[in-house]
$ cat target.txt   # compact mmCIF, C-alpha atoms
# COMPACT_ATOMS: atom_id res chain seq x y z
CA MET A 1 2.45 38.66 36.47
CA ASN A 2 1.39 37.20 39.84
CA ALA A 3 2.13 33.62 40.86
CA SER A 4 -1.42 32.34 40.35
CA LEU A 5 -1.65 33.83 36.85
CA MET A 6 1.76 32.38 35.96
CA ALA A 7 0.58 28.96 37.14
CA VAL A 8 -2.55 29.19 34.99
CA THR A 9 -0.48 30.29 31.97
CA ARG A 10 1.96 27.44 32.51
CA ARG A 11 -0.89 24.92 32.75
CA ALA A 12 -2.48 26.33 29.60
CA THR A 13 0.83 26.09 27.74
CA LEU A 14 1.33 22.50 28.86
CA ALA A 15 -2.24 21.64 27.88
CA THR A 16 -1.74 23.15 24.44
CA LEU A 17 1.48 21.20 24.02
CA ALA A 18 -0.23 18.00 25.12
CA LEU A 19 -3.06 18.55 22.66
CA GLY A 20 -0.55 19.19 19.91
CA LEU A 21 1.32 16.01 20.70
CA ALA A 22 -1.93 14.05 20.84
CA ALA A 23 -3.00 15.47 17.48
CA GLY A 24 0.36 14.48 16.05
CA ALA A 25 -0.09 10.96 17.37
CA VAL A 26 -3.55 10.73 15.80
CA PHE A 27 -2.19 12.02 12.50
CA ALA A 28 0.58 9.42 12.59
CA GLN A 29 -1.99 6.70 13.19
CA ASP A 30 -4.18 8.04 10.39
CA THR A 31 -1.35 7.73 7.86
CA PRO A 32 0.71 4.70 8.88
CA LYS A 33 3.90 3.96 7.01
CA VAL A 34 5.48 0.60 6.28
CA LYS A 35 9.14 0.14 5.44
CA PHE A 36 10.06 -2.70 3.09
CA ALA A 37 13.65 -3.89 3.24
CA THR A 38 14.39 -5.90 0.09
CA SER A 39 17.42 -7.46 -1.55
CA ALA A 40 17.24 -4.62 -4.10
CA GLY A 41 17.05 -1.82 -1.50
CA ASP A 42 14.43 -0.23 0.77
CA PHE A 43 11.22 1.65 0.13
CA VAL A 44 8.45 3.10 2.32
CA VAL A 45 4.73 3.12 1.61
CA GLU A 46 2.22 5.46 3.23
CA LEU A 47 -1.26 4.01 3.80
CA TYR A 48 -4.67 5.74 3.82
CA PRO A 49 -7.17 4.10 6.17
CA ASP A 50 -9.48 7.10 5.80
CA LYS A 51 -9.91 6.18 2.12
CA ALA A 52 -9.63 2.37 2.13
CA PRO A 53 -10.11 1.25 5.75
CA ARG A 54 -10.73 -2.48 5.25
CA THR A 55 -7.86 -2.82 2.80
CA VAL A 56 -5.38 -0.97 5.01
CA GLU A 57 -6.43 -2.95 8.09
CA ASN A 58 -5.95 -6.20 6.18
CA PHE A 59 -2.55 -5.16 4.82
CA LEU A 60 -1.28 -3.95 8.19
CA GLN A 61 -2.29 -7.21 9.83
CA TYR A 62 -0.18 -9.14 7.31
CA VAL A 63 2.71 -6.77 8.06
CA LYS A 64 2.30 -7.28 11.83
CA ASP A 65 2.13 -11.04 11.31
CA LYS A 66 5.43 -10.80 9.35
CA HIS A 67 3.72 -12.51 6.44
CA TYR A 68 5.75 -10.59 3.87
CA ASP A 69 9.14 -11.49 5.35
CA GLY A 70 10.91 -13.85 2.96
CA THR A 71 8.42 -13.38 0.11
CA ILE A 72 9.47 -12.36 -3.38
CA PHE A 73 8.45 -10.08 -6.20
CA HIS A 74 7.27 -12.84 -8.51
CA ARG A 75 5.71 -10.75 -11.30
CA VAL A 76 7.47 -7.75 -12.80
CA ILE A 77 6.28 -6.05 -16.00
CA LYS A 78 8.34 -2.98 -16.82
CA SER A 79 5.51 -1.18 -18.63
CA PHE A 80 2.92 -2.03 -16.00
CA MET A 81 3.67 -2.86 -12.34
CA VAL A 82 5.69 -4.94 -9.85
CA GLN A 83 3.81 -7.55 -7.81
CA GLY A 84 4.75 -9.49 -4.71
CA GLY A 85 3.78 -10.64 -1.25
CA GLY A 86 2.44 -14.08 -2.03
CA TYR A 87 5.27 -16.54 -2.69
CA ASP A 88 8.37 -17.56 -0.77
CA LYS A 89 11.84 -18.13 -2.22
CA ASP A 90 10.86 -21.68 -3.23
CA TYR A 91 7.89 -20.29 -5.18
CA LYS A 92 5.47 -21.78 -2.68
CA GLU A 93 2.37 -19.71 -2.06
CA LYS A 94 2.06 -18.68 1.57
CA PRO A 95 -1.18 -19.37 3.44
CA THR A 96 -3.45 -16.37 3.94
CA ARG A 97 -6.52 -15.26 5.80
CA PRO A 98 -9.90 -15.08 4.00
CA SER A 99 -10.25 -12.56 1.19
CA ILE A 100 -11.59 -9.06 1.82
CA LYS A 101 -14.47 -7.11 0.34
CA HIS A 102 -13.48 -4.86 -2.55
CA GLU A 103 -13.59 -1.13 -1.75
CA GLY A 104 -11.97 0.34 -4.84
CA ARG A 105 -14.93 2.54 -5.74
CA GLU A 106 -14.94 4.16 -2.32
CA ALA A 107 -11.18 4.74 -2.51
CA LEU A 108 -11.44 6.21 -6.02
CA ALA A 109 -14.22 8.55 -4.90
CA LYS A 110 -11.78 9.83 -2.26
CA GLY A 111 -9.01 10.44 -4.79
CA LEU A 112 -6.96 7.23 -4.93
CA LYS A 113 -6.10 6.23 -8.49
CA ASN A 114 -3.77 3.69 -10.08
CA GLU A 115 -1.07 6.28 -10.71
CA PRO A 116 2.71 5.74 -10.73
CA GLY A 117 3.99 4.93 -7.25
CA THR A 118 0.65 3.90 -5.78
CA ILE A 119 0.16 0.51 -4.13
CA ALA A 120 -2.95 -1.59 -4.81
CA MET A 121 -4.26 -5.04 -3.96
CA ALA A 122 -3.80 -7.88 -6.43
CA ARG A 123 -6.71 -10.25 -6.96
CA THR A 124 -8.19 -12.88 -9.26
CA GLY A 125 -11.12 -12.30 -11.61
CA ASP A 126 -13.35 -12.18 -8.55
CA PRO A 127 -13.36 -8.54 -7.35
CA HIS A 128 -13.67 -9.69 -3.72
CA SER A 129 -10.70 -12.08 -3.78
CA ALA A 130 -7.84 -9.84 -2.56
CA ARG A 131 -5.84 -11.38 0.29
CA ALA A 132 -2.13 -10.59 0.78
CA GLN A 133 -0.60 -9.95 -2.63
CA PHE A 134 -0.07 -6.35 -3.69
CA PHE A 135 1.36 -4.46 -6.64
CA ILE A 136 2.99 -1.10 -7.16
CA ASN A 137 2.03 0.83 -10.25
CA VAL A 138 5.08 2.01 -12.21
CA VAL A 139 3.10 3.78 -14.96
CA ASP A 140 -0.29 5.46 -15.18
CA ASN A 141 -2.66 2.49 -15.02
CA SER A 142 -5.93 4.41 -15.11
CA ARG A 143 -7.50 1.46 -16.95
CA LEU A 144 -7.30 -0.37 -13.60
CA ASP A 145 -9.39 2.27 -11.83
CA PRO A 146 -12.88 1.20 -10.76
CA VAL A 147 -15.89 2.50 -12.66
CA ILE A 148 -18.19 4.49 -10.42
CA ILE A 149 -21.75 3.66 -11.45
CA PRO A 150 -23.89 6.82 -11.59
CA PRO A 151 -27.36 6.91 -10.01
CA GLY A 152 -30.44 6.01 -11.97
CA ASP A 153 -31.68 3.17 -14.15
CA PRO A 154 -30.71 2.77 -16.93
CA VAL A 155 -27.23 4.25 -16.58
CA THR A 156 -24.69 5.80 -18.92
CA PHE A 157 -21.00 5.51 -18.08
CA GLU A 158 -17.54 5.46 -19.64
CA PHE A 159 -15.31 2.39 -19.52
CA GLN A 160 -11.81 2.31 -21.02
CA GLY A 161 -12.52 5.20 -23.36
CA GLN A 162 -15.90 3.99 -24.60
CA VAL A 163 -19.26 5.43 -23.57
CA HIS A 164 -21.95 2.88 -22.73
CA LYS A 165 -25.44 4.38 -22.93
CA ASP A 166 -28.70 3.38 -21.30
CA ILE A 167 -27.53 0.11 -19.79
CA PRO A 168 -29.84 -1.57 -17.24
CA ARG A 169 -28.40 -0.97 -13.80
CA GLN A 170 -28.62 -4.64 -12.80
CA ASN A 171 -26.31 -5.49 -15.72
CA VAL A 172 -23.47 -3.28 -14.51
CA ILE A 173 -23.59 -2.79 -10.75
CA ASN A 174 -21.87 -6.12 -10.04
CA HIS A 175 -20.10 -6.63 -13.36
CA PRO A 176 -16.59 -7.93 -12.43
CA GLN A 177 -14.79 -5.91 -15.10
CA LEU A 178 -16.06 -2.64 -13.66
CA PHE A 179 -14.70 -3.07 -10.13
CA GLY A 180 -11.07 -2.29 -11.01
CA TYR A 181 -8.34 -2.52 -8.36
CA THR A 182 -8.25 -0.98 -4.90
CA VAL A 183 -5.49 1.58 -4.31
CA PHE A 184 -4.73 2.07 -0.61
CA GLY A 185 -1.39 3.90 -0.40
CA LYS A 186 1.68 5.15 -2.21
CA VAL A 187 5.45 4.95 -2.13
CA VAL A 188 6.77 8.03 -0.32
CA SER A 189 10.47 7.15 -0.35
CA GLY A 190 12.68 4.63 -2.09
CA MET A 191 11.00 4.83 -5.49
CA ASP A 192 14.48 4.28 -6.93
CA THR A 193 14.33 0.79 -5.40
CA VAL A 194 10.98 0.17 -7.08
CA GLU A 195 12.51 1.35 -10.36
CA LYS A 196 15.39 -1.06 -9.86
CA ILE A 197 12.90 -3.91 -9.40
CA ARG A 198 10.92 -2.70 -12.40
CA ASN A 199 13.98 -2.81 -14.65
CA ALA A 200 15.20 -6.22 -13.53
CA PRO A 201 15.65 -8.74 -16.38
CA THR A 202 12.78 -11.23 -16.28
CA GLY A 203 11.95 -14.68 -17.59
CA ALA A 204 10.65 -18.01 -16.35
CA GLY A 205 10.80 -18.92 -12.66
CA GLY A 206 9.13 -21.61 -10.57
CA PRO A 207 5.62 -22.24 -11.92
CA PHE A 208 5.61 -18.97 -13.88
CA PRO A 209 6.58 -19.01 -17.58
CA THR A 210 7.36 -15.27 -17.79
CA ASP A 211 7.83 -12.00 -15.86
CA VAL A 212 9.89 -13.40 -12.97
CA PRO A 213 13.06 -11.43 -12.04
CA GLN A 214 16.01 -13.59 -13.01
CA LYS A 215 17.86 -12.31 -9.97
CA MET A 216 15.40 -12.99 -7.17
CA VAL A 217 14.11 -9.90 -5.37
CA VAL A 218 13.32 -10.87 -1.78
CA ILE A 219 11.36 -8.89 0.79
CA GLU A 220 13.61 -9.34 3.78
CA SER A 221 11.24 -7.53 6.15
CA ALA A 222 8.18 -5.28 6.22
CA ARG A 223 7.66 -3.22 9.39
CA VAL A 224 5.34 -0.44 10.52
CA LEU A 225 7.35 2.71 11.19
$ encode --input "target.txt" --output "structure tokens"
Amino acid sequence: MNASLMAVTRRATLATLALGLAAGAVFAQDTPKVKFATSAGDFVVELYPDKAPRTVENFLQYVKDKHYDGTIFHRVIKSFMVQGGGYDKDYKEKPTRPSIKHEGREALAKGLKNEPGTIAMARTGDPHSARAQFFINVVDNSRLDPVIIPPGDPVTFEFQGQVHKDIPRQNVINHPQLFGYTVFGKVVSGMDTVEKIRNAPTGAGGPFPTDVPQKMVVIESARVL
């Protein structure tokens, strides 16, 4: 092989390597991971901005702002989920940014369901009220999945095992019970820590009459990996 051909080959190899590294960087950005260090152990969640972009952006901003540092898991139901990210160790609710628009239906259409190990946004009865609090499903909570409204008017759809036939579209499209909860990631390591939190003895704590871990579980830090 002559010198000029070798130079071209070398440049091509370096270009291929550079493209591979760039693709890897893009992939890493597409699936960011956040490590939670807690008083019960560590766990890592993987996030899916391609499926729930607004929700992931909102969550990552709270992580970058160190909002979750020093917050607690204030609601733990062994047969349901573990919830945190809103209250400090004195049970004072931390200030948040404005709530975000619900995008659970879009995420469900792309495959994200309330399955064991997935992370979703907590909210009030208003579907568009999610801010900083999140929960991790510890069982199959398919009843929390949004209902995707089919095209047409009237519509027929299934909700919590019951078929509703020929319902006027305007009666269901914005019905709060049909929005469900937005899943935006899953635990990819440290599920044993989540199980430890799940199985913690609970009772009253602060303003909450039930479901508070009697040994406080504190999020010491949450950082993007």
$ closest_atom_pairs --input "target.txt" --of "range 98-172 of chain A" --to "range 47-57 of chain A" --cutoff "9 Å" --atoms "all atoms listed in the file" --output "Markdown table"
| residue | atom | partner | partner_atom | distance |
| --- | --- | --- | --- | --- |
| A:Ile100 | CA | A:Thr55 | CA | 7.3 |
| A:Lys101 | CA | A:Arg54 | CA | 7.7 |
| A:His102 | CA | A:Thr55 | CA | 8.0 |
| A:Glu103 | CA | A:Ala52 | CA | 6.6 |
| A:Gly104 | CA | A:Ala52 | CA | 7.6 |
| A:Glu106 | CA | A:Lys51 | CA | 7.0 |
| A:Ala107 | CA | A:Lys51 | CA | 5.0 |
| A:Leu108 | CA | A:Lys51 | CA | 8.3 |
| A:Ala109 | CA | A:Lys51 | CA | 8.6 |
| A:Lys110 | CA | A:Lys51 | CA | 6.0 |
| A:Gly111 | CA | A:Lys51 | CA | 8.2 |
| A:Leu112 | CA | A:Lys51 | CA | 7.7 |
| A:Ile119 | CA | A:Leu47 | CA | 8.8 |
| A:Met121 | CA | A:Thr55 | CA | 8.0 |
| A:Ala130 | CA | A:Thr55 | CA | 8.8 |
$ closest_residue --input "target.txt" --among "A:Ile136, A:Thr210, A:Gly86, A:Ser99" --to "Thr193 in chain A" --atoms "only C-alpha atoms"
A:Ile136
$ atom_distance --input "target.txt" --atom1 "CA of Gly70 in chain A" --atom2 "CA of Lys89 in chain A"
6.8 Å
$ closest_residue --input "target.txt" --among "A:Lys35, A:Lys215, A:Lys186, A:Lys78" --to "Ala120 in chain A" --atoms "only C-alpha atoms"
A:Lys186
$ closest_residue --input "target.txt" --among "A:Pro146, A:Gly117, A:Pro213, A:Gly206" --to "Asn174 in chain A" --atoms "only C-alpha atoms"
A:Pro146
$ residues_near_point --input "target.txt" --point "(10.5, -21.4, -0.9)" --cutoff "10 Å" --atoms "only C-alpha atoms" --output "JSON, numbers by chain"
{"A": [70, 71, 72, 87, 88, 89, 90, 91, 92, 93, 94, 206]}
$ write_last_selection --input "target.txt" --atoms "C-alpha atoms" --output "CSV table (one decimal), in the frame of the given file"
chain,number,residue,atom,x,y,z
A,70,GLY,CA,10.9,-13.8,3.0
A,71,THR,CA,8.4,-13.4,0.1
A,72,ILE,CA,9.5,-12.4,-3.4
A,87,TYR,CA,5.3,-16.5,-2.7
A,88,ASP,CA,8.4,-17.6,-0.8
A,89,LYS,CA,11.8,-18.1,-2.2
A,90,ASP,CA,10.9,-21.7,-3.2
A,91,TYR,CA,7.9,-20.3,-5.2
A,92,LYS,CA,5.5,-21.8,-2.7
A,93,GLU,CA,2.4,-19.7,-2.1
A,94,LYS,CA,2.1,-18.7,1.6
A,206,GLY,CA,9.1,-21.6,-10.6
$ closest_residue --input "target.txt" --among "A:Ser142, A:Thr38, A:Asp69, A:His74" --to "Gly203 in chain A" --atoms "only C-alpha atoms"
A:His74
$ residues_around --input "target.txt" --residues "Thr124 in chain A" --least-positions-apart "2" --cutoff "12 Å" --atoms "all atoms listed in the file" --output "list in words"
Ser99, His102, Met121, Ala122, Asp126, Pro127, His128, Ser129, Ala130, Arg131, Ala132, Gln133, Phe134, Pro176, Gln177, Phe179, Gly180 and Tyr181 of chain A
$ residues_around --input "target.txt" --residues "Glu158 in chain A" --least-positions-apart "3" --cutoff "12 Å" --atoms "only C-alpha atoms" --output "PyMOL selection string"
chain A and resi 143+145-150+155+161-167+172+178
